[in-house]
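Since the structure comes first, as structure tokens, the remarks are kept for the end.
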Amino acid sequence: MRNEMMHRPVVKPELVAYLREEQKQVPGELGQIQKEANERGVPIIPHETVVFMQFLLGQIQPKNILEIGTAIGFSSSLMAQYAGEGAHVTTVDRFDVMIRNAKETYKRLGNEEQITLLEGQAADIFPTLTGPYDFIFMDSAKSKYIEFLPECLRLLRKGGVLMVDDIFQAGTVLDPIEEIPRSQRTIHRKLKRFLKVINTHPDLTTSLVPLGDGVALITKEADEVIIVEED
């Protein structure tokens, strides 16, 4: 379950250490869950992304939140705690072990009423969702980002924020395809397609932030956003 990308940051190691060690730690039981996960190498968002998300949620105060990729339930619990009073998180995951771990996390934190966990393939669940969501956090299979983007934008309200984690593939996303191991080339190609779309689409405003393995912040500027990829 070790998150290899978390240990290959895209900025100087000294700065990463500073961001992870000197910024305010998460208090209480949620902070303990974060500490235990990091000690065991369980894949959760790194601390610099945690602090950024806390700040962002505090500013935009989303009430209706969707997460793609529950993992152990840490980030959904973080969002439920810091989004403000009345916020609700719907989170989607397909892996049995993650679902079990997430349920244990929610029981431990006592936040089951704030979080709805949907079990199954995101592609199957998307059509059942109507939204609109104020904030969507996508941290799932990187090769699926480009495929999930149209559905995320359909569900996101105009002016809402889509936050996408791990977009730089440990800093290799700009490397020539010939230098990428064959097992990683599909992810590499699809991430590059995803980045091109979010960076150039006229109805999206995007900011790329070098936190962890890279974060994309995308704002929807039109009621309906149509994704048409060039060949």
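To be explicit about the labels: the chains of the structure tokens are called A, B, and onward in the order shown, and within each one the residues are counted from 1, while ligands get numbers from 1 in the order they are shown.
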TODO: Any chance you could list, as number ranges by chain, the residues in stretch 88-173 of chain A that come up strand (DSSP E) when DSSP is run on the backbone?
DONE: A: 88-93, 115-119, 133-138, 156-165
Open item on the list: If we count only C-alpha atoms and set the cut-off at 12 Å, which residues sit around stretch 117-121 of chain A, ignoring sequence neighbours fewer than 3 positions away in its own chain? Please answer as a ChimeraX atom specification.
Closed with: /A:65-73,76-77,88-103,105-106,111-114,124-129,140-141,144,148
Open item on the list: What's around A:Leu19 at 10 Å? Count only C-alpha atoms, leave out sequence neighbours fewer than 5 positions away in its own chain, and write the answer as a ChimeraX atom specification.
Closed with: /A:13-14,24,46-49,51,211
Wanna dump the stretch 10-64 of chain A-stretch 158-181 of chain A contacts at 12 Å for me, each residue with its shortest atom pair and the distance in Å to one decimal, counting only C-alpha atoms, ordered by chain and number, as CSV?
```
residue,atom,partner,partner_atom,distance
A:Val10,CA,A:Gly171,CA,5.4
A:Val11,CA,A:Gly171,CA,8.9
A:Lys12,CA,A:Gly171,CA,11.7
A:Pro43,CA,A:Asp166,CA,11.5
A:Ile44,CA,A:Asp165,CA,10.6
A:Ile45,CA,A:Asp165,CA,8.2
A:Pro46,CA,A:Asp165,CA,10.3
A:Thr49,CA,A:Asp165,CA,8.8
A:Val50,CA,A:Asp165,CA,11.3
A:Phe52,CA,A:Met163,CA,11.1
A:Met53,CA,A:Met163,CA,9.2
A:Leu56,CA,A:Val161,CA,10.0
A:Leu57,CA,A:Val161,CA,10.2
A:Gln59,CA,A:Val161,CA,11.8
A:Ile60,CA,A:Val161,CA,9.0
A:Gln61,CA,A:Gly160,CA,10.9
A:Pro62,CA,A:Gly160,CA,8.6
A:Lys63,CA,A:Gly160,CA,11.0
A:Asn64,CA,A:Gly160,CA,10.3
```
The selected residues should be written to file as a short mmCIF file (atom, residue, chain, number, x, y, z; two decimals), in the first residue's frame (atoms: C-alpha atoms).
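So the final result, stored in out.cif, reads:
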```
data_model
loop_
_atom_site.label_atom_id
_atom_site.label_comp_id
_atom_site.auth_asym_id
_atom_site.auth_seq_id
_atom_site.Cartn_x
_atom_site.Cartn_y
_atom_site.Cartn_z
CA VAL A 10 8.54 17.48 -7.55
CA VAL A 11 10.26 20.25 -5.56
CA LYS A 12 13.47 20.34 -3.52
CA PRO A 43 -1.40 6.20 0.55
CA ILE A 44 -3.00 9.41 1.79
CA ILE A 45 -2.47 12.98 0.62
CA PRO A 46 0.84 14.42 1.90
CA THR A 49 -1.61 19.08 0.41
CA VAL A 50 -3.53 18.60 3.65
CA PHE A 52 -3.51 23.58 1.37
CA MET A 53 -6.87 21.79 1.34
CA LEU A 56 -8.94 26.24 0.44
CA LEU A 57 -12.01 24.67 2.04
CA GLN A 59 -12.19 30.01 1.99
CA ILE A 60 -14.80 28.52 -0.35
CA GLN A 61 -16.96 26.80 2.31
CA PRO A 62 -18.46 24.12 0.01
CA LYS A 63 -21.63 22.43 1.18
CA ASN A 64 -21.90 19.60 -1.33
#
```
Which parts of stretch 64-150 of chain A does DSSP call alpha helix (DSSP H) when run on the backbone here, written out as a compact mmCIF listing (two decimals) with N, CA and C atoms, in the first residue's frame?
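The result, written out as part32.txt:
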```txt
# COMPACT_ATOMS: atom_id res chain seq x y z
N PHE A 74 -9.33 9.19 4.83
CA PHE A 74 -8.69 10.34 5.48
C PHE A 74 -9.11 11.65 4.83
N SER A 75 -8.97 11.75 3.51
CA SER A 75 -9.25 13.03 2.85
C SER A 75 -10.73 13.39 2.92
N SER A 76 -11.61 12.40 2.81
CA SER A 76 -13.04 12.70 2.95
C SER A 76 -13.36 13.19 4.35
N SER A 77 -12.70 12.61 5.36
CA SER A 77 -12.90 13.08 6.73
C SER A 77 -12.33 14.48 6.92
N LEU A 78 -11.20 14.74 6.30
CA LEU A 78 -10.60 16.08 6.36
C LEU A 78 -11.56 17.10 5.76
N MET A 79 -12.13 16.77 4.59
CA MET A 79 -13.06 17.71 3.95
C MET A 79 -14.31 17.91 4.79
N ALA A 80 -14.84 16.83 5.36
CA ALA A 80 -16.03 16.94 6.20
C ALA A 80 -15.76 17.84 7.41
N GLN A 81 -14.55 17.76 7.94
CA GLN A 81 -14.22 18.53 9.14
C GLN A 81 -13.97 20.00 8.85
N TYR A 82 -13.36 20.30 7.69
CA TYR A 82 -12.91 21.67 7.44
C TYR A 82 -13.74 22.44 6.42
N ASP A 96 -12.32 -3.26 -2.14
CA ASP A 96 -12.91 -3.76 -0.89
C ASP A 96 -12.08 -3.40 0.33
N VAL A 97 -10.75 -3.53 0.22
CA VAL A 97 -9.90 -3.25 1.38
C VAL A 97 -9.97 -1.78 1.76
N MET A 98 -10.01 -0.90 0.78
CA MET A 98 -10.13 0.53 1.07
C MET A 98 -11.48 0.85 1.68
N ILE A 99 -12.52 0.23 1.16
CA ILE A 99 -13.87 0.47 1.68
C ILE A 99 -13.95 0.06 3.15
N ARG A 100 -13.38 -1.11 3.48
CA ARG A 100 -13.37 -1.55 4.88
C ARG A 100 -12.60 -0.57 5.75
N ASN A 101 -11.43 -0.15 5.27
CA ASN A 101 -10.61 0.78 6.05
C ASN A 101 -11.31 2.13 6.22
N ALA A 102 -11.96 2.59 5.17
CA ALA A 102 -12.66 3.87 5.26
C ALA A 102 -13.79 3.81 6.28
N LYS A 103 -14.53 2.73 6.26
CA LYS A 103 -15.63 2.58 7.22
C LYS A 103 -15.10 2.57 8.65
N GLU A 104 -13.95 1.95 8.85
CA GLU A 104 -13.33 1.95 10.17
C GLU A 104 -12.92 3.37 10.57
N THR A 105 -12.39 4.12 9.61
CA THR A 105 -12.01 5.51 9.88
C THR A 105 -13.22 6.33 10.28
N TYR A 106 -14.30 6.22 9.52
CA TYR A 106 -15.50 7.00 9.81
C TYR A 106 -16.09 6.63 11.18
N LYS A 107 -16.07 5.35 11.49
CA LYS A 107 -16.58 4.91 12.80
C LYS A 107 -15.70 5.47 13.91
N ARG A 108 -14.39 5.44 13.69
CA ARG A 108 -13.44 5.94 14.69
C ARG A 108 -13.64 7.43 14.94
N LEU A 109 -13.96 8.18 13.87
CA LEU A 109 -14.12 9.63 13.98
C LEU A 109 -15.56 10.04 14.30
N ALA A 122 -16.40 4.03 -10.42
CA ALA A 122 -16.84 5.41 -10.60
C ALA A 122 -17.62 5.58 -11.90
N ALA A 123 -17.16 4.92 -12.96
CA ALA A 123 -17.84 5.04 -14.26
C ALA A 123 -19.29 4.58 -14.19
N ASP A 124 -19.58 3.61 -13.32
CA ASP A 124 -20.94 3.11 -13.15
C ASP A 124 -21.76 4.02 -12.24
N ILE A 125 -21.09 4.66 -11.31
CA ILE A 125 -21.78 5.49 -10.32
C ILE A 125 -22.07 6.89 -10.84
N TYR A 145 -8.22 9.94 -15.25
CA TYR A 145 -8.54 11.36 -15.08
C TYR A 145 -9.19 11.95 -16.33
N ILE A 146 -8.61 11.69 -17.49
CA ILE A 146 -9.15 12.26 -18.73
C ILE A 146 -10.52 11.67 -19.03
N GLU A 147 -10.75 10.44 -18.64
CA GLU A 147 -12.04 9.80 -18.88
C GLU A 147 -13.11 10.30 -17.91
N PHE A 148 -12.70 10.58 -16.67
CA PHE A 148 -13.65 11.04 -15.66
C PHE A 148 -13.93 12.54 -15.75
N LEU A 149 -13.07 13.29 -16.43
CA LEU A 149 -13.20 14.75 -16.45
C LEU A 149 -14.57 15.22 -16.94
N PRO A 150 -15.11 14.72 -18.06
CA PRO A 150 -16.42 15.22 -18.49
C PRO A 150 -17.52 15.03 -17.45
```
